[in-house]
Amino acid sequence: MALKSIRIWLWGAVAALGLTAITGAMLLRQPDQAGFGKGVYSLIDQTGKPVDQTMFAGHPSALFFGFTHCPEVCPTTMAEMASWFETLGADGQDLRAYFVSIDPERDTPQILGDYVSWVSDRITGVTGTPEEIAKIAKAWGIYYQKVPLDGADYTMDHTASVFLLDAKGEFQGTIAYREDQATALQKLRNLLAKS
Amino acid sequence: MITLFRAALAASLLFVAPAFAHDGVVHLGSLNLAHPFARATLPNAPVAGGFLAIENTGAEADRLVSATSPAAAEVQIHEMAMEGEVMKMRQLSDGLEVPAGQTVELAPGGFHLMFMGLKQAFVEGETVPVTLVFEKAGTVDVELAVQGVAADGAAMNHDAMKHDAAGHDAMNHGAMNHDAMAAQPADDLEAITGLLKGTFETPEAPLGVEPVVISGEYAIAGWAQGEAGGRALLRKTAHGWAVHLCAGDGLKDAANLEAIGVPAADAAALATALAEAEAKLDPALLAKFSSFDGTVMVNEDLI
Ligand SMILES: [Cu+2]
C-alpha cells in the first residue's frame, strides 16, 4: 500500500475524529523523522561493558524488552528469534538483536549472558540501573509494570513486540508477539534489504 | 481485570464434546486430565509454564485450587493475556473453576501452572511431576512432558516454530467467534489481519482487527486503534489482499456494497456475515466502527 494512500486514510480519520486521531496519526510510522526510539541512556551489556544509545548504529537490529523471570512471552520470543537467525542464515549476517531487561533488579549481566547466549551469539543482553532502564523504555514507548504475586515475589507486565531498527538505528516497524514465521521473516528481509 | 481477561477466557474455555479416549489421560473421579506438558526453559530462567486440559464430565463444577511440584519451590495458578501489545499475567489466588460438562484448557497464551523457583532447568524430553489439588475430586499426580521452548502442546506438532496452530489463533483473535473462524480460510484471515496491522500498527498504537468476514475475493474487516475505528473493504488480487476503501456504517449495507462494485452474491453474504459477527462484539467497539465518518478511498482500481 502506497504511503499516499495511508495518508489519505489518516486524514480521513483526523477529519472525523479530531484531536484523538491526530495523536494516533502522530504515532504512525514516519521513518524519516527522528523522535520515536530516541533517548540518552547509560546501560551495560551482559559482559558488564557500558553501552548507550549508539549501540544500534551500524547494523539493522531487532530489539525486545523482557525479563528472565518471564514464563512464556520472553522465552517464546527468544525461541522465535533463534529461528529467525537460523532461517535467515548468511542473508541475515548483519542483523543484531538486543534483549533489554525491564527487570534490572533481578537480571544481572551474568544471568542475562547465559540466557541470551541460547539464542545466538549476535544478541546482546542489556541491563542497568532502574533509572537508566526507564529512559530507554520511555524512548521506545515500552509499558512495564511490577505485579505482586504471593509471597515477596513479583512478575512483570510488559510490551511484547519486537522493534525493527535500520542501520541508522531508526525505527522501521514491529514484529508482534507470535507473529507468524513467514510474516516475521518477510519483515526482517525487508529491513535487511533497506539497511 | 475482568475486561482484560475476557478475551483470554473465551479462547481458553473450549467447549469440547465429552470423552477423551487418548492414551495417557489421567482420570480422577469425573475429571479427565489430558495432554499434560511443560515448556523447556532457557538458561538461568527461574520460572516455567505447565499446561494440560481438564475435562469435567460430572454434574457439578470443580475447582483446581493448588499445585505443588518437587521441581519448583512453588507452583501457582496463573492467567496471562495480551492486551494490545502488552503481556499481562495474574495469579488466580482462588484457583481455576472447571464447570460441569466442560473442558478448561491450560494452554500457552492463557491459563497455566506457573513453576517458580525452579530447582533445575526443564529439559526437552524429560518429565516434570506435579500434584494437582481439586476442591471436590481430590489430589492427583500428573507427569508433564517437557517440550520445546515455544511448544504449543502435546496434541500438536512438537515444533511450534514451524507452524501456527490453535494456540496462535487463540492469542491473536481472542474472543473472536469460533464458528466464524472455522468457516473462514485461516490463511486469508491471517493475511488480512497481518496486512492491516503491518500497515497501521505502531508500538504505541496497537491496532485491533476484528471481525473479518470473507466472501470469495471480497472481505470486510473491522479495526480499532485507540479511540478510533472503522471498517475496511478489501479485495484479494493476484498479489494478495489489499484495502479498497475505508468507511464506517456504510459497509454494513449490502446495497451499498453492490453500488461500490461488489458482486450481489458476495455483497449479500458479507453483509449477513458481518451482522452476525458484529452481534457478538462489545457495543463500545461497534461505536468506534460507526465513528468513521464518510468514505476514504485507499486503492480505487481494486474494485
Ligand atoms: Cu505465570
# chains A, B, ... in the order shown; residues from 1 in each chain; ligands from 1

call {"tool": "residues_around", "arguments": {"residues": "Pro75 in chain A", "least_positions_apart": "3", "cutoff": "8 Å", "atoms": "only C-alpha atoms", "output": "ChimeraX atom specification"}}
result
/A:70-72,78-79 /B:41-42,149-150

call {"tool": "closest_atom_pairs", "arguments": {"of": "chain B", "to": "ligand 1", "cutoff": "6 Å", "atoms": "only C-alpha atoms and all ligand atoms", "output": "tab-separated table"}}
result
residue	atom	partner	partner_atom_place_in_ligand_line	distance
B:His78	CA	ligand 1	1 (Cu)	4.8
B:Met89	CA	ligand 1	1 (Cu)	5.8
B:Met114	CA	ligand 1	1 (Cu)	4.7

call {"tool": "atom_distance", "arguments": {"atom1": "CA of Leu165 in chain A", "atom2": "CA of Gly148 in chain B"}}
result
28.7 Å

call {"tool": "interface_residues", "arguments": {"of": "chain B", "to": "chain A", "cutoff": "7 Å", "atoms": "only C-alpha atoms", "output": "NGL selection string"}}
result
:B and (42-49 or 85-89 or 91 or 149-150 or 161 or 164 or 168 or 200 or 202-205 or 227-228 or 292-293 or 296 or 298)

call {"tool": "write_last_selection", "arguments": {"atoms": "C-alpha atoms", "output": "PDB file, in the first residue's frame"}}
result
ATOM      1  CA  LEU B  42      16.198 -21.029  28.819  1.00  0.00           C
ATOM      2  CA  PRO B  43      19.473 -20.910  30.757  1.00  0.00           C
ATOM      3  CA  ASN B  44      19.003 -19.171  34.129  1.00  0.00           C
ATOM      4  CA  ALA B  45      15.251 -18.847  33.722  1.00  0.00           C
ATOM      5  CA  PRO B  46      13.855 -19.418  37.224  1.00  0.00           C
ATOM      6  CA  VAL B  47      10.253 -19.956  36.064  1.00  0.00           C
ATOM      7  CA  ALA B  48       8.406 -22.273  33.716  1.00  0.00           C
ATOM      8  CA  GLY B  49       4.880 -22.845  32.428  1.00  0.00           C
ATOM      9  CA  GLU B  85       0.877  -5.465  22.558  1.00  0.00           C
ATOM     10  CA  VAL B  86       1.229  -5.755  26.313  1.00  0.00           C
ATOM     11  CA  MET B  87       1.505  -9.119  28.018  1.00  0.00           C
ATOM     12  CA  LYS B  88      -0.261  -9.228  31.369  1.00  0.00           C
ATOM     13  CA  MET B  89      -0.182 -12.055  33.854  1.00  0.00           C
ATOM     14  CA  GLN B  91      -2.193 -15.084  39.796  1.00  0.00           C
ATOM     15  CA  VAL B 149      10.771 -23.670  24.489  1.00  0.00           C
ATOM     16  CA  ALA B 150       7.908 -22.462  22.292  1.00  0.00           C
ATOM     17  CA  MET B 161       8.214 -22.736  15.436  1.00  0.00           C
ATOM     18  CA  ASP B 164       0.748 -21.617  13.570  1.00  0.00           C
ATOM     19  CA  HIS B 168      -1.571 -18.736  17.930  1.00  0.00           C
ATOM     20  CA  PHE B 200      -1.120   0.774  10.553  1.00  0.00           C
ATOM     21  CA  THR B 202       2.734   1.074  15.874  1.00  0.00           C
ATOM     22  CA  PRO B 203       4.223   0.259  19.249  1.00  0.00           C
ATOM     23  CA  GLU B 204       2.158   2.895  20.977  1.00  0.00           C
ATOM     24  CA  ALA B 205      -0.975   2.467  18.937  1.00  0.00           C
ATOM     25  CA  GLU B 227     -10.463   5.689  20.349  1.00  0.00           C
ATOM     26  CA  ALA B 228     -10.677   5.492  16.555  1.00  0.00           C
ATOM     27  CA  PHE B 292     -15.554   6.618  10.962  1.00  0.00           C
ATOM     28  CA  ASP B 293     -17.173   9.434   9.068  1.00  0.00           C
ATOM     29  CA  VAL B 296     -11.934   7.204   2.254  1.00  0.00           C
ATOM     30  CA  VAL B 298      -7.444   3.849  -0.447  1.00  0.00           C
TER      31      VAL B 298
END

call {"tool": "select_by_dssp", "arguments": {"residues": "range 90-194 of chain A", "states": "alpha helix (DSSP H)", "output": "ChimeraX atom specification"}}
result
/A:109-117,130-139,181-194

call {"tool": "closest_residue", "arguments": {"among": "B:Ile220, B:Ala73, B:Asn256, B:Gly84", "to": "Glu201 in chain B", "atoms": "only C-alpha atoms"}}
result
B:Gly84

call {"tool": "select_by_dssp", "arguments": {"residues": "range 237-288 of chain B", "states": "strand (DSSP E)", "output": "ChimeraX atom specification"}}
result
/B:237,240-247

call {"tool": "residues_around", "arguments": {"residues": "Leu257 in chain B", "least_positions_apart": "3", "cutoff": "10 Å", "atoms": "only C-alpha atoms", "output": "list of chain:residue names"}}
result
B:Leu233, B:Gly250, B:Leu251, B:Lys252, B:Asp253, B:Ala254, B:Ile260, B:Gly261, B:Val262, B:Pro263, B:Ala264, B:Asp266, B:Ala267, B:Ala268, B:Leu270, B:Ala271

call {"tool": "atom_distance", "arguments": {"atom1": "CA of Thr87 in chain A", "atom2": "CA of Gln147 in chain B"}}
result
21.0 Å

call {"tool": "closest_residue", "arguments": {"among": "B:Gly240, B:Gly294, B:Gly229, B:Pro211", "to": "Ala273 in chain B", "atoms": "only C-alpha atoms"}}
result
B:Pro211

call {"tool": "atom_distance", "arguments": {"atom1": "CA of Ala186 in chain B", "atom2": "CA of Met82 in chain B"}}
result
20.4 Å

call {"tool": "closest_residue", "arguments": {"among": "B:Val65, B:Leu234, B:Ala81, B:Ala107", "to": "Gly216 in chain B", "atoms": "only C-alpha atoms"}}
result
B:Leu234

call {"tool": "closest_residue", "arguments": {"among": "A:Ala167, A:Leu185, A:Val126, A:Ala152", "to": "Leu95 in chain A", "atoms": "only C-alpha atoms"}}
result
A:Ala167

call {"tool": "residues_around", "arguments": {"residues": "Pro60 in chain A", "least_positions_apart": "5", "cutoff": "9 Å", "atoms": "only C-alpha atoms", "output": "list in words"}}
result
Asp94, Leu95, Arg96, Ala97, Leu164, Leu165, Asp166, Ala167, Lys168, Gly169, Leu191, Leu192 and Ser195 of chain A

call {"tool": "write_last_selection", "arguments": {"atoms": "C-alpha atoms", "output": "short mmCIF file (atom, residue, chain, number, x, y, z; two decimals), in the first residue's frame"}}
result
data_model
loop_
_atom_site.label_atom_id
_atom_site.label_comp_id
_atom_site.auth_asym_id
_atom_site.auth_seq_id
_atom_site.Cartn_x
_atom_site.Cartn_y
_atom_site.Cartn_z
CA ASP A 94 24.28 -8.08 9.51
CA LEU A 95 21.32 -8.41 11.85
CA ARG A 96 21.89 -7.87 15.56
CA ALA A 97 19.40 -8.45 18.35
CA LEU A 164 12.92 -3.36 13.97
CA LEU A 165 15.61 -0.71 13.52
CA ASP A 166 17.56 0.08 10.38
CA ALA A 167 21.32 0.53 10.27
CA LYS A 168 20.93 4.14 11.42
CA GLY A 169 19.05 2.95 14.47
CA LEU A 191 14.66 -4.47 6.90
CA LEU A 192 17.89 -6.10 5.73
CA SER A 195 19.71 -1.32 5.61
#

call {"tool": "residues_around", "arguments": {"residues": "Ile133 in chain A", "least_positions_apart": "2", "cutoff": "10 Å", "atoms": "only C-alpha atoms", "output": "list in words"}}
result
Tyr41, Ser42, Leu43, Val100, Ser101, Ile102, Asp103, Pro104, Val126, Thr127, Gly128, Thr129, Pro130, Glu131, Lys135, Ile136, Ala137, Lys138 and Ala139 of chain A

call {"tool": "closest_residue", "arguments": {"among": "B:Gly208, B:Leu189, B:Ala224, B:Lys280", "to": "Lys236 in chain B", "atoms": "only C-alpha atoms"}}
result
B:Leu189
